[in-house]
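Asks: Sharing structure.pdb below, PDB, C-alpha atoms:
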MODEL        1
ATOM      1  CA  GLU I   1    -171.545  52.564 -58.958  1.00  0.00           C
ATOM      2  CA  ALA I   2    -168.635  51.523 -61.178  1.00  0.00           C
ATOM      3  CA  GLN I   3    -165.624  50.853 -59.050  1.00  0.00           C
ATOM      4  CA  VAL I   4    -162.450  48.925 -58.357  1.00  0.00           C
ATOM      5  CA  THR I   5    -162.262  47.704 -54.770  1.00  0.00           C
ATOM      6  CA  GLN I   6    -159.059  46.710 -53.019  1.00  0.00           C
ATOM      7  CA  ASN I   7    -158.640  45.153 -49.599  1.00  0.00           C
ATOM      8  CA  PRO I   8    -157.104  45.720 -47.203  1.00  0.00           C
ATOM      9  CA  ARG I   9    -156.392  49.451 -47.425  1.00  0.00           C
ATOM     10  CA  TYR I  10    -153.559  49.251 -44.902  1.00  0.00           C
ATOM     11  CA  LEU I  11    -151.424  46.287 -43.953  1.00  0.00           C
ATOM     12  CA  ILE I  12    -148.376  45.851 -41.758  1.00  0.00           C
ATOM     13  CA  THR I  13    -146.725  42.462 -41.869  1.00  0.00           C
ATOM     14  CA  VAL I  14    -143.460  40.738 -41.081  1.00  0.00           C
ATOM     15  CA  THR I  15    -140.856  39.482 -43.493  1.00  0.00           C
ATOM     16  CA  GLY I  16    -141.718  36.100 -44.948  1.00  0.00           C
ATOM     17  CA  LYS I  17    -145.362  35.936 -43.946  1.00  0.00           C
ATOM     18  CA  LYS I  18    -147.485  35.225 -47.008  1.00  0.00           C
ATOM     19  CA  LEU I  19    -150.196  37.736 -47.789  1.00  0.00           C
ATOM     20  CA  THR I  20    -152.859  38.404 -50.398  1.00  0.00           C
ATOM     21  CA  VAL I  21    -154.280  41.733 -51.513  1.00  0.00           C
ATOM     22  CA  THR I  22    -157.646  41.370 -53.157  1.00  0.00           C
ATOM     23  CA  CYS I  23    -158.983  43.382 -56.097  1.00  0.00           C
ATOM     24  CA  SER I  24    -162.475  43.288 -57.533  1.00  0.00           C
ATOM     25  CA  GLN I  25    -164.125  45.308 -60.311  1.00  0.00           C
ATOM     26  CA  ASN I  26    -167.808  45.551 -61.215  1.00  0.00           C
ATOM     27  CA  MET I  27    -167.442  46.936 -64.758  1.00  0.00           C
ATOM     28  CA  ASN I  28    -166.990  43.622 -66.598  1.00  0.00           C
ATOM     29  CA  HIS I  29    -163.571  44.774 -67.812  1.00  0.00           C
ATOM     30  CA  GLU I  30    -161.271  42.302 -69.541  1.00  0.00           C
ATOM     31  CA  TYR I  31    -158.001  43.934 -68.552  1.00  0.00           C
ATOM     32  CA  MET I  32    -156.726  44.192 -65.010  1.00  0.00           C
ATOM     33  CA  SER I  33    -153.324  45.246 -63.708  1.00  0.00           C
ATOM     34  CA  TRP I  34    -151.379  45.761 -60.534  1.00  0.00           C
ATOM     35  CA  TYR I  35    -149.072  48.749 -60.016  1.00  0.00           C
ATOM     36  CA  ARG I  36    -146.837  49.837 -57.219  1.00  0.00           C
ATOM     37  CA  GLN I  37    -146.108  53.472 -56.468  1.00  0.00           C
ATOM     38  CA  ASP I  38    -142.864  54.544 -54.834  1.00  0.00           C
ATOM     39  CA  PRO I  39    -141.453  58.035 -54.178  1.00  0.00           C
ATOM     40  CA  GLY I  40    -139.234  59.137 -57.023  1.00  0.00           C
ATOM     41  CA  LEU I  41    -140.124  56.098 -59.125  1.00  0.00           C
ATOM     42  CA  GLY I  42    -143.762  56.750 -59.900  1.00  0.00           C
ATOM     43  CA  LEU I  43    -146.236  54.035 -60.823  1.00  0.00           C
ATOM     44  CA  ARG I  44    -144.803  50.809 -62.216  1.00  0.00           C
ATOM     45  CA  GLN I  45    -146.706  47.816 -63.507  1.00  0.00           C
ATOM     46  CA  ILE I  46    -146.230  44.535 -61.613  1.00  0.00           C
ATOM     47  CA  TYR I  47    -148.524  42.088 -63.442  1.00  0.00           C
ATOM     48  CA  TYR I  48    -151.411  42.285 -65.830  1.00  0.00           C
ATOM     49  CA  SER I  49    -154.211  40.078 -67.092  1.00  0.00           C
ATOM     50  CA  MET I  50    -156.087  40.379 -70.365  1.00  0.00           C
ATOM     51  CA  ASN I  51    -158.790  37.892 -69.386  1.00  0.00           C
ATOM     52  CA  VAL I  52    -159.619  34.902 -67.205  1.00  0.00           C
ATOM     53  CA  GLU I  53    -156.645  32.558 -66.830  1.00  0.00           C
ATOM     54  CA  VAL I  54    -154.406  34.870 -68.902  1.00  0.00           C
ATOM     55  CA  THR I  55    -151.749  36.722 -66.927  1.00  0.00           C
ATOM     56  CA  ASP I  56    -148.270  38.026 -67.650  1.00  0.00           C
ATOM     57  CA  LYS I  57    -145.419  39.949 -66.088  1.00  0.00           C
ATOM     58  CA  GLY I  58    -145.135  43.687 -66.106  1.00  0.00           C
ATOM     59  CA  ASP I  59    -142.010  45.701 -65.371  1.00  0.00           C
ATOM     60  CA  VAL I  60    -141.395  44.682 -61.743  1.00  0.00           C
ATOM     61  CA  PRO I  61    -142.849  41.169 -61.200  1.00  0.00           C
ATOM     62  CA  GLU I  62    -140.163  39.713 -58.895  1.00  0.00           C
ATOM     63  CA  GLY I  63    -141.583  38.554 -55.582  1.00  0.00           C
ATOM     64  CA  TYR I  64    -145.214  38.693 -56.689  1.00  0.00           C
ATOM     65  CA  LYS I  65    -147.813  36.274 -58.020  1.00  0.00           C
ATOM     66  CA  VAL I  66    -151.286  36.808 -59.410  1.00  0.00           C
ATOM     67  CA  SER I  67    -154.226  34.725 -60.501  1.00  0.00           C
ATOM     68  CA  ARG I  68    -157.345  35.410 -62.559  1.00  0.00           C
ATOM     69  CA  LYS I  69    -159.893  32.700 -61.981  1.00  0.00           C
ATOM     70  CA  GLU I  70    -162.882  35.003 -62.366  1.00  0.00           C
ATOM     71  CA  LYS I  71    -163.247  38.038 -64.570  1.00  0.00           C
ATOM     72  CA  ARG I  72    -164.018  40.409 -61.721  1.00  0.00           C
ATOM     73  CA  ASN I  73    -161.198  39.385 -59.342  1.00  0.00           C
ATOM     74  CA  PHE I  74    -157.440  39.770 -59.634  1.00  0.00           C
ATOM     75  CA  PRO I  75    -155.631  39.094 -56.335  1.00  0.00           C
ATOM     76  CA  LEU I  76    -151.982  39.981 -55.752  1.00  0.00           C
ATOM     77  CA  ILE I  77    -150.010  37.427 -53.745  1.00  0.00           C
ATOM     78  CA  LEU I  78    -146.748  37.990 -51.921  1.00  0.00           C
ATOM     79  CA  GLU I  79    -145.476  34.529 -51.020  1.00  0.00           C
ATOM     80  CA  SER I  80    -142.554  35.749 -48.887  1.00  0.00           C
ATOM     81  CA  PRO I  81    -142.720  39.528 -48.451  1.00  0.00           C
ATOM     82  CA  SER I  82    -139.531  41.483 -47.936  1.00  0.00           C
ATOM     83  CA  PRO I  83    -138.990  45.079 -46.757  1.00  0.00           C
ATOM     84  CA  ASN I  84    -138.289  46.264 -50.313  1.00  0.00           C
ATOM     85  CA  GLN I  85    -141.907  45.440 -51.118  1.00  0.00           C
ATOM     86  CA  THR I  86    -143.076  48.146 -48.758  1.00  0.00           C
ATOM     87  CA  SER I  87    -145.056  50.346 -51.105  1.00  0.00           C
ATOM     88  CA  LEU I  88    -148.433  51.702 -52.158  1.00  0.00           C
ATOM     89  CA  TYR I  89    -150.215  49.231 -54.422  1.00  0.00           C
ATOM     90  CA  PHE I  90    -152.962  49.939 -56.929  1.00  0.00           C
ATOM     91  CA  CYS I  91    -155.202  47.655 -58.908  1.00  0.00           C
ATOM     92  CA  ALA I  92    -156.609  48.939 -62.209  1.00  0.00           C
ATOM     93  CA  SER I  93    -159.121  47.684 -64.745  1.00  0.00           C
ATOM     94  CA  SER I  94    -159.927  48.611 -68.329  1.00  0.00           C
ATOM     95  CA  ARG I  95    -161.970  47.537 -71.332  1.00  0.00           C
ATOM     96  CA  GLY I  96    -158.848  47.451 -73.463  1.00  0.00           C
ATOM     97  CA  ARG I  97    -158.726  50.451 -75.725  1.00  0.00           C
ATOM     98  CA  GLY I  98    -160.357  52.596 -73.119  1.00  0.00           C
ATOM     99  CA  GLU I  99    -159.126  54.368 -70.094  1.00  0.00           C
ATOM    100  CA  ALA I 100    -158.089  52.593 -66.897  1.00  0.00           C
ATOM    101  CA  PHE I 101    -159.835  52.921 -63.551  1.00  0.00           C
ATOM    102  CA  PHE I 102    -157.927  52.541 -60.312  1.00  0.00           C
ATOM    103  CA  GLY I 103    -158.740  51.276 -56.873  1.00  0.00           C
ATOM    104  CA  GLN I 104    -158.108  53.309 -53.733  1.00  0.00           C
ATOM    105  CA  GLY I 105    -154.802  51.657 -52.992  1.00  0.00           C
ATOM    106  CA  THR I 106    -153.265  49.370 -50.404  1.00  0.00           C
ATOM    107  CA  ARG I 107    -150.460  50.708 -48.272  1.00  0.00           C
ATOM    108  CA  LEU I 108    -148.223  47.795 -47.367  1.00  0.00           C
ATOM    109  CA  THR I 109    -145.435  47.908 -44.805  1.00  0.00           C
ATOM    110  CA  VAL I 110    -143.126  44.909 -44.414  1.00  0.00           C
ATOM    111  CA  VAL I 111    -140.978  44.937 -41.288  1.00  0.00           C
TER     112      VAL I 111
ATOM    113  CA  GLN P   1    -134.158  58.770 -72.628  1.00  0.00           C
ATOM    114  CA  LYS P   2    -137.099  58.018 -70.373  1.00  0.00           C
ATOM    115  CA  GLU P   3    -140.319  57.014 -72.060  1.00  0.00           C
ATOM    116  CA  VAL P   4    -142.360  59.703 -70.338  1.00  0.00           C
ATOM    117  CA  GLU P   5    -140.960  62.827 -68.723  1.00  0.00           C
ATOM    118  CA  GLN P   6    -142.945  65.096 -66.474  1.00  0.00           C
ATOM    119  CA  ASP P   7    -141.745  68.059 -64.446  1.00  0.00           C
ATOM    120  CA  PRO P   8    -142.330  67.063 -60.805  1.00  0.00           C
ATOM    121  CA  GLY P   9    -142.780  70.635 -59.611  1.00  0.00           C
ATOM    122  CA  PRO P  10    -143.936  71.449 -57.051  1.00  0.00           C
ATOM    123  CA  LEU P  11    -146.136  74.096 -58.605  1.00  0.00           C
ATOM    124  CA  SER P  12    -147.855  76.688 -56.427  1.00  0.00           C
ATOM    125  CA  VAL P  13    -150.411  79.118 -57.883  1.00  0.00           C
ATOM    126  CA  PRO P  14    -153.039  81.535 -56.540  1.00  0.00           C
ATOM    127  CA  GLU P  15    -156.707  80.680 -56.777  1.00  0.00           C
ATOM    128  CA  GLY P  16    -158.131  81.595 -60.175  1.00  0.00           C
ATOM    129  CA  ALA P  17    -154.863  81.145 -62.055  1.00  0.00           C
ATOM    130  CA  ILE P  18    -154.520  79.161 -65.266  1.00  0.00           C
ATOM    131  CA  VAL P  19    -152.358  76.098 -64.702  1.00  0.00           C
ATOM    132  CA  SER P  20    -150.353  74.360 -67.403  1.00  0.00           C
ATOM    133  CA  LEU P  21    -149.020  70.849 -66.822  1.00  0.00           C
ATOM    134  CA  ASN P  22    -146.876  69.084 -69.396  1.00  0.00           C
ATOM    135  CA  CYS P  23    -145.364  65.761 -70.378  1.00  0.00           C
ATOM    136  CA  THR P  24    -143.097  64.678 -73.187  1.00  0.00           C
ATOM    137  CA  TYR P  25    -142.738  61.142 -74.475  1.00  0.00           C
ATOM    138  CA  SER P  26    -140.263  59.357 -76.664  1.00  0.00           C
ATOM    139  CA  ASN P  27    -142.145  56.424 -78.220  1.00  0.00           C
ATOM    140  CA  SER P  28    -144.120  57.310 -81.321  1.00  0.00           C
ATOM    141  CA  ALA P  29    -146.169  54.115 -80.857  1.00  0.00           C
ATOM    142  CA  PHE P  30    -147.981  55.730 -77.970  1.00  0.00           C
ATOM    143  CA  GLN P  31    -151.519  56.430 -79.095  1.00  0.00           C
ATOM    144  CA  TYR P  32    -153.690  56.899 -76.018  1.00  0.00           C
ATOM    145  CA  PHE P  33    -153.192  59.737 -73.583  1.00  0.00           C
ATOM    146  CA  MET P  34    -154.653  60.220 -70.145  1.00  0.00           C
ATOM    147  CA  TRP P  35    -154.413  62.632 -67.270  1.00  0.00           C
ATOM    148  CA  TYR P  36    -155.063  61.470 -63.740  1.00  0.00           C
ATOM    149  CA  ARG P  37    -155.466  63.449 -60.550  1.00  0.00           C
ATOM    150  CA  GLN P  38    -154.279  61.880 -57.317  1.00  0.00           C
ATOM    151  CA  TYR P  39    -155.096  63.272 -53.919  1.00  0.00           C
ATOM    152  CA  SER P  40    -152.861  62.335 -51.033  1.00  0.00           C
ATOM    153  CA  ARG P  41    -153.389  58.723 -49.941  1.00  0.00           C
ATOM    154  CA  LYS P  42    -155.972  58.122 -52.687  1.00  0.00           C
ATOM    155  CA  GLY P  43    -156.020  56.248 -55.972  1.00  0.00           C
ATOM    156  CA  PRO P  44    -155.480  58.012 -59.318  1.00  0.00           C
ATOM    157  CA  GLU P  45    -158.727  59.452 -60.651  1.00  0.00           C
ATOM    158  CA  LEU P  46    -159.166  59.795 -64.399  1.00  0.00           C
ATOM    159  CA  LEU P  47    -159.575  63.391 -65.568  1.00  0.00           C
ATOM    160  CA  MET P  48    -159.115  63.306 -69.320  1.00  0.00           C
ATOM    161  CA  TYR P  49    -158.696  60.654 -72.003  1.00  0.00           C
ATOM    162  CA  THR P  50    -157.862  61.229 -75.643  1.00  0.00           C
ATOM    163  CA  TYR P  51    -156.358  59.352 -78.550  1.00  0.00           C
ATOM    164  CA  SER P  52    -155.835  61.998 -81.182  1.00  0.00           C
ATOM    165  CA  SER P  53    -153.841  65.158 -81.677  1.00  0.00           C
ATOM    166  CA  GLY P  54    -155.647  68.347 -80.815  1.00  0.00           C
ATOM    167  CA  ASN P  55    -157.618  69.672 -77.887  1.00  0.00           C
ATOM    168  CA  LYS P  56    -160.275  68.084 -75.717  1.00  0.00           C
ATOM    169  CA  GLU P  57    -162.190  70.182 -73.249  1.00  0.00           C
ATOM    170  CA  ASP P  58    -164.184  69.161 -70.181  1.00  0.00           C
ATOM    171  CA  GLY P  59    -165.341  71.982 -67.969  1.00  0.00           C
ATOM    172  CA  ARG P  60    -162.320  73.804 -66.603  1.00  0.00           C
ATOM    173  CA  PHE P  61    -159.926  71.199 -67.972  1.00  0.00           C
ATOM    174  CA  THR P  62    -158.406  71.067 -71.456  1.00  0.00           C
ATOM    175  CA  ALA P  63    -156.127  68.287 -72.645  1.00  0.00           C
ATOM    176  CA  GLN P  64    -153.866  68.998 -75.592  1.00  0.00           C
ATOM    177  CA  VAL P  65    -151.913  66.451 -77.592  1.00  0.00           C
ATOM    178  CA  ASP P  66    -149.247  67.203 -80.195  1.00  0.00           C
ATOM    179  CA  LYS P  67    -148.097  63.873 -81.621  1.00  0.00           C
ATOM    180  CA  SER P  68    -145.614  65.480 -83.996  1.00  0.00           C
ATOM    181  CA  SER P  69    -143.746  66.966 -81.033  1.00  0.00           C
ATOM    182  CA  LYS P  70    -144.569  64.090 -78.657  1.00  0.00           C
ATOM    183  CA  TYR P  71    -145.914  66.596 -76.191  1.00  0.00           C
ATOM    184  CA  ILE P  72    -149.066  66.547 -74.088  1.00  0.00           C
ATOM    185  CA  SER P  73    -150.526  69.211 -71.839  1.00  0.00           C
ATOM    186  CA  LEU P  74    -153.295  69.696 -69.325  1.00  0.00           C
ATOM    187  CA  PHE P  75    -154.668  73.177 -68.740  1.00  0.00           C
ATOM    188  CA  ILE P  76    -156.770  74.055 -65.710  1.00  0.00           C
ATOM    189  CA  ARG P  77    -158.725  77.292 -65.901  1.00  0.00           C
ATOM    190  CA  ASP P  78    -159.945  79.208 -62.877  1.00  0.00           C
ATOM    191  CA  SER P  79    -158.000  76.921 -60.560  1.00  0.00           C
ATOM    192  CA  GLN P  80    -159.512  76.159 -57.158  1.00  0.00           C
ATOM    193  CA  PRO P  81    -157.978  75.040 -53.862  1.00  0.00           C
ATOM    194  CA  SER P  82    -159.751  71.711 -54.410  1.00  0.00           C
ATOM    195  CA  ASP P  83    -157.533  71.216 -57.492  1.00  0.00           C
ATOM    196  CA  SER P  84    -154.525  70.844 -55.185  1.00  0.00           C
ATOM    197  CA  ALA P  85    -153.242  67.347 -55.925  1.00  0.00           C
ATOM    198  CA  THR P  86    -150.635  65.434 -57.864  1.00  0.00           C
ATOM    199  CA  TYR P  87    -151.334  65.263 -61.605  1.00  0.00           C
ATOM    200  CA  LEU P  88    -150.099  62.272 -63.552  1.00  0.00           C
ATOM    201  CA  CYS P  89    -149.873  61.893 -67.288  1.00  0.00           C
ATOM    202  CA  ALA P  90    -150.299  58.334 -68.553  1.00  0.00           C
ATOM    203  CA  ILE P  91    -149.727  56.986 -72.017  1.00  0.00           C
ATOM    204  CA  ARG P  92    -150.174  53.631 -73.699  1.00  0.00           C
ATOM    205  CA  ASN P  93    -149.447  52.220 -77.107  1.00  0.00           C
ATOM    206  CA  SER P  94    -152.033  51.260 -79.652  1.00  0.00           C
ATOM    207  CA  GLY P  95    -151.963  47.502 -79.554  1.00  0.00           C
ATOM    208  CA  GLY P  96    -150.598  44.376 -77.995  1.00  0.00           C
ATOM    209  CA  SER P  97    -151.982  42.203 -75.258  1.00  0.00           C
ATOM    210  CA  ASN P  98    -150.711  44.266 -72.362  1.00  0.00           C
ATOM    211  CA  TYR P  99    -152.850  47.131 -71.250  1.00  0.00           C
ATOM    212  CA  LYS P 100    -149.898  48.900 -69.734  1.00  0.00           C
ATOM    213  CA  LEU P 101    -149.893  52.545 -68.860  1.00  0.00           C
ATOM    214  CA  THR P 102    -146.573  54.332 -68.757  1.00  0.00           C
ATOM    215  CA  PHE P 103    -146.793  57.126 -66.233  1.00  0.00           C
ATOM    216  CA  GLY P 104    -144.970  60.353 -65.717  1.00  0.00           C
ATOM    217  CA  LYS P 105    -143.634  60.875 -62.191  1.00  0.00           C
ATOM    218  CA  GLY P 106    -146.414  63.381 -61.440  1.00  0.00           C
ATOM    219  CA  THR P 107    -146.567  67.118 -60.779  1.00  0.00           C
ATOM    220  CA  LEU P 108    -147.594  68.296 -57.321  1.00  0.00           C
ATOM    221  CA  LEU P 109    -149.929  71.295 -57.612  1.00  0.00           C
ATOM    222  CA  THR P 110    -150.986  73.580 -54.792  1.00  0.00           C
ATOM    223  CA  VAL P 111    -153.673  76.211 -55.377  1.00  0.00           C
ATOM    224  CA  ASN P 112    -153.596  78.831 -52.667  1.00  0.00           C
ATOM    225  CA  PRO P 113    -156.821  80.590 -51.570  1.00  0.00           C
TER     226      PRO P 113
ENDMDL
END
When written as structure tokens, how does the structure in this file appear?
Replies:
Amino acid sequence: EAQVTQNPRYLITVTGKKLTVTCSQNMNHEYMSWYRQDPGLGLRQIYYSMNVEVTDKGDVPEGYKVSRKEKRNFPLILESPSPNQTSLYFCASSRGRGEAFFGQGTRLTVV
Amino acid sequence: QKEVEQDPGPLSVPEGAIVSLNCTYSNSAFQYFMWYRQYSRKGPELLMYTYSSGNKEDGRFTAQVDKSSKYISLFIRDSQPSDSATYLCAIRNSGGSNYKLTFGKGTLLTVNP
């Protein structure tokens, strides 16, 4: 089954404690992205990658890092999380000109 | 002017009604148009994808794109309670290295039995 898998689904952490949210896709897609979804603001792109070792900033990259060492994986790293990063996070993958497929989301709370 | 505007609703209709959801956009470079359905606490699920003006039909769903007016619509026929969700329009431009979708804020739809 074609899918984008994120882990964990729910995470509560404390300010400043580094964390990683993993994302994996089994569709051999070149493009992968991270979005955050906030009430009243909708979905906003954090970072994207167009292939292995190629990443770039989206609209709201501050406080986040990513890496793309393998085509299927695109982890999101929060080196020092802060409460304003409390949000619902989605990973997405795409062939490029085609439509994007989303993971089930990670609900992060930073206290 | 925001790149993509979508009426947030909420929209409440009786079962069997025809539902019309709409978005407008400002950037004429946008070439690919998608509609996603998002249930509460779930990821967006792709419903429709099109890249040309006109209509595209899939079962009870019809996506309509009017590039001259920068206006896209999603019609749901014979709406069901299971259609109750937030509907998001998403648009991207035709080229560049960033596969970035620009989303509308979403319209919350409730279909009442």
Asks: Wanna dump the chain P-chain I contacts at 12 Å for me, each residue with its shortest atom pair and the distance in Å to one decimal, counting all atoms listed in the file, ordered by chain and number, as JSON lines?
Replies:
{"residue": "P:Lys2", "atom": "CA", "partner": "I:Leu41", "partner_atom": "CA", "distance": 11.8}
{"residue": "P:Val4", "atom": "CA", "partner": "I:Gly42", "partner_atom": "CA", "distance": 10.9}
{"residue": "P:Glu5", "atom": "CA", "partner": "I:Gly42", "partner_atom": "CA", "distance": 11.1}
{"residue": "P:Gln6", "atom": "CA", "partner": "I:Gly42", "partner_atom": "CA", "distance": 10.7}
{"residue": "P:Asp7", "atom": "CA", "partner": "I:Gly40", "partner_atom": "CA", "distance": 11.9}
{"residue": "P:Pro8", "atom": "CA", "partner": "I:Gly40", "partner_atom": "CA", "distance": 9.3}
{"residue": "P:Gln31", "atom": "CA", "partner": "I:Arg97", "partner_atom": "CA", "distance": 10.0}
{"residue": "P:Tyr32", "atom": "CA", "partner": "I:Arg97", "partner_atom": "CA", "distance": 8.2}
{"residue": "P:Phe33", "atom": "CA", "partner": "I:Glu99", "partner_atom": "CA", "distance": 8.7}
{"residue": "P:Met34", "atom": "CA", "partner": "I:Glu99", "partner_atom": "CA", "distance": 7.4}
{"residue": "P:Trp35", "atom": "CA", "partner": "I:Glu99", "partner_atom": "CA", "distance": 9.9}
{"residue": "P:Tyr36", "atom": "CA", "partner": "I:Phe101", "partner_atom": "CA", "distance": 9.8}
{"residue": "P:Arg37", "atom": "CA", "partner": "I:Phe102", "partner_atom": "CA", "distance": 11.2}
{"residue": "P:Gln38", "atom": "CA", "partner": "I:Gln104", "partner_atom": "CA", "distance": 10.0}
{"residue": "P:Tyr39", "atom": "CA", "partner": "I:Gln104", "partner_atom": "CA", "distance": 10.4}
{"residue": "P:Ser40", "atom": "CA", "partner": "I:Gln104", "partner_atom": "CA", "distance": 10.8}
{"residue": "P:Arg41", "atom": "CA", "partner": "I:Gly105", "partner_atom": "CA", "distance": 7.8}
{"residue": "P:Lys42", "atom": "CA", "partner": "I:Gln104", "partner_atom": "CA", "distance": 5.4}
{"residue": "P:Gly43", "atom": "CA", "partner": "I:Gln104", "partner_atom": "CA", "distance": 4.2}
{"residue": "P:Pro44", "atom": "CA", "partner": "I:Phe102", "partner_atom": "CA", "distance": 6.1}
{"residue": "P:Glu45", "atom": "CA", "partner": "I:Phe102", "partner_atom": "CA", "distance": 7.0}
{"residue": "P:Leu46", "atom": "CA", "partner": "I:Phe101", "partner_atom": "CA", "distance": 7.0}
{"residue": "P:Leu47", "atom": "CA", "partner": "I:Glu99", "partner_atom": "CA", "distance": 10.1}
{"residue": "P:Met48", "atom": "CA", "partner": "I:Glu99", "partner_atom": "CA", "distance": 9.0}
{"residue": "P:Tyr49", "atom": "CA", "partner": "I:Glu99", "partner_atom": "CA", "distance": 6.6}
{"residue": "P:Thr50", "atom": "CA", "partner": "I:Glu99", "partner_atom": "CA", "distance": 8.9}
{"residue": "P:Tyr51", "atom": "CA", "partner": "I:Gly98", "partner_atom": "CA", "distance": 9.5}
{"residue": "P:Thr86", "atom": "CA", "partner": "I:Gly42", "partner_atom": "CA", "distance": 11.3}
{"residue": "P:Tyr87", "atom": "CA", "partner": "I:Gly42", "partner_atom": "CA", "distance": 11.5}
{"residue": "P:Leu88", "atom": "CA", "partner": "I:Gly42", "partner_atom": "CA", "distance": 9.2}
{"residue": "P:Cys89", "atom": "CA", "partner": "I:Leu43", "partner_atom": "CA", "distance": 10.8}
{"residue": "P:Ala90", "atom": "CA", "partner": "I:Leu43", "partner_atom": "CA", "distance": 9.7}
{"residue": "P:Ile91", "atom": "CA", "partner": "I:Glu99", "partner_atom": "CA", "distance": 9.9}
{"residue": "P:Arg92", "atom": "CA", "partner": "I:Arg97", "partner_atom": "CA", "distance": 9.3}
{"residue": "P:Asn93", "atom": "CA", "partner": "I:Arg97", "partner_atom": "CA", "distance": 9.5}
{"residue": "P:Ser94", "atom": "CA", "partner": "I:Arg97", "partner_atom": "CA", "distance": 7.8}
{"residue": "P:Gly95", "atom": "CA", "partner": "I:Arg97", "partner_atom": "CA", "distance": 8.3}
{"residue": "P:Gly96", "atom": "CA", "partner": "I:Gly96", "partner_atom": "CA", "distance": 9.9}
{"residue": "P:Ser97", "atom": "CA", "partner": "I:Met50", "partner_atom": "CA", "distance": 6.6}
{"residue": "P:Asn98", "atom": "CA", "partner": "I:Tyr48", "partner_atom": "CA", "distance": 6.9}
{"residue": "P:Tyr99", "atom": "CA", "partner": "I:Gly96", "partner_atom": "CA", "distance": 6.4}
{"residue": "P:Lys100", "atom": "CA", "partner": "I:Gln45", "partner_atom": "CA", "distance": 7.1}
{"residue": "P:Leu101", "atom": "CA", "partner": "I:Gln45", "partner_atom": "CA", "distance": 7.8}
{"residue": "P:Thr102", "atom": "CA", "partner": "I:Arg44", "partner_atom": "CA", "distance": 7.6}
{"residue": "P:Phe103", "atom": "CA", "partner": "I:Leu43", "partner_atom": "CA", "distance": 6.3}
{"residue": "P:Gly104", "atom": "CA", "partner": "I:Gly42", "partner_atom": "CA", "distance": 6.9}
{"residue": "P:Lys105", "atom": "CA", "partner": "I:Gly42", "partner_atom": "CA", "distance": 4.7}
{"residue": "P:Gly106", "atom": "CA", "partner": "I:Gly42", "partner_atom": "CA", "distance": 7.3}
{"residue": "P:Thr107", "atom": "CA", "partner": "I:Gly42", "partner_atom": "CA", "distance": 10.8}
Asks: What is the atom CA of I:Phe74-atom CA of I:Ile12 distance in Å, reported with one decimal?
Replies: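 Result for atom CA of I:Phe74 versus atom CA of I:Ile12: 20.9 Å, one decimal.
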Asks: What would the selection look like, as an mmCIF file with C-alpha atoms, keeping the file's coordinate frame, if the PyMOL selection byres ((chain I and resi 26) around 9) were run on the coordinates I just shared?
Replies:
data_model
loop_
_atom_site.group_PDB
_atom_site.id
_atom_site.type_symbol
_atom_site.label_atom_id
_atom_site.label_comp_id
_atom_site.auth_asym_id
_atom_site.auth_seq_id
_atom_site.Cartn_x
_atom_site.Cartn_y
_atom_site.Cartn_z
ATOM 1 C CA GLU I 1 -171.545 52.564 -58.958
ATOM 2 C CA ALA I 2 -168.635 51.523 -61.178
ATOM 3 C CA GLN I 3 -165.624 50.853 -59.050
ATOM 4 C CA VAL I 4 -162.450 48.925 -58.357
ATOM 5 C CA THR I 5 -162.262 47.704 -54.770
ATOM 6 C CA SER I 24 -162.475 43.288 -57.533
ATOM 7 C CA GLN I 25 -164.125 45.308 -60.311
ATOM 8 C CA MET I 27 -167.442 46.936 -64.758
ATOM 9 C CA ASN I 28 -166.990 43.622 -66.598
ATOM 10 C CA HIS I 29 -163.571 44.774 -67.812
ATOM 11 C CA ARG I 72 -164.018 40.409 -61.721
#
Asks: Exactly which residues make up the result of the PyMOL selection byres ((chain I and resi 69) around 6) on this file, given as a list in words?
Replies: Val52, Glu53, Arg68 and Glu70 of chain I
Asks: Can you work out which one of I:Arg36, I:Thr13, I:Val111, I:Asn73 has the shortest atom-to-atom distance to I:Ser87, counting only C-alpha atoms?
Replies: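 Closest residue, counting only C-alpha atoms: I:Arg36.
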Asks: How many Å separate atom CA of P:Gly9 from atom CA of P:Gln80?
Replies: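 Taking atom CA of P:Gly9 as the start and atom CA of P:Gln80 as the end point, the length is 17.8 Å.
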Asks: So which residues touch P:Val19 within 8 Å, counting all atoms listed in the file, skipping near sequence neighbours fewer than 5 positions away, as a PyMOL selection string?
Replies: chain P and resi 13+74-77+79
Asks: List the neighbours of I:Pro83 out to 9 Å using all atoms listed in the file; skip same-chain residues closer than 4 positions along the sequence, and give me the result as a ChimeraX atom specification.
Replies: /I:14-15,109-111
Asks: Quick one: residues within 7 Å of P:Gln64, all atoms listed in the file counted, chain neighbours fewer than 3 positions away excluded, as a compact mmCIF listing (two decimals) with C-alpha atoms, in the coordinates of the input?
Replies:
# COMPACT_ATOMS: atom_id res chain seq x y z
CA GLY P 54 -155.65 68.35 -80.82
CA ASN P 55 -157.62 69.67 -77.89
CA LYS P 56 -160.28 68.08 -75.72
CA ILE P 72 -149.07 66.55 -74.09
CA SER P 73 -150.53 69.21 -71.84
CA LEU P 74 -153.29 69.70 -69.32
Asks: Would you work out the distance separating atom CA of P:Ser69 from atom CA of P:Glu57, expressed in Å to one decimal?
Replies: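 Atom CA of P:Glu57 lies at a distance of 20.3 Å from atom CA of P:Ser69.
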Asks: Measuring between all atoms listed in the file, which one of I:Val54, I:Leu11, I:Leu19, I:Gln85 shows the shortest distance to I:Lys71?
Replies: I:Val54
Asks: Counting only C-alpha atoms, which residue out of P:Ser82, P:Ser52, P:Ser68, P:Asn112 sits closest to P:Ser28?
Replies: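 The answer is P:Ser68, which sits nearest to P:Ser28.
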Asks: First collect every listed atom of stretch 3-8 of chain I; then fit an axis-aligned box around them, widen it by 3 Å on each side, and give centre and edge lengths in Å to one decimal, as AutoDock Vina command-line options.
Replies:
--center_x -161.4 --center_y 48.0 --center_z -53.1 --size_x 14.5 --size_y 11.7 --size_z 17.8
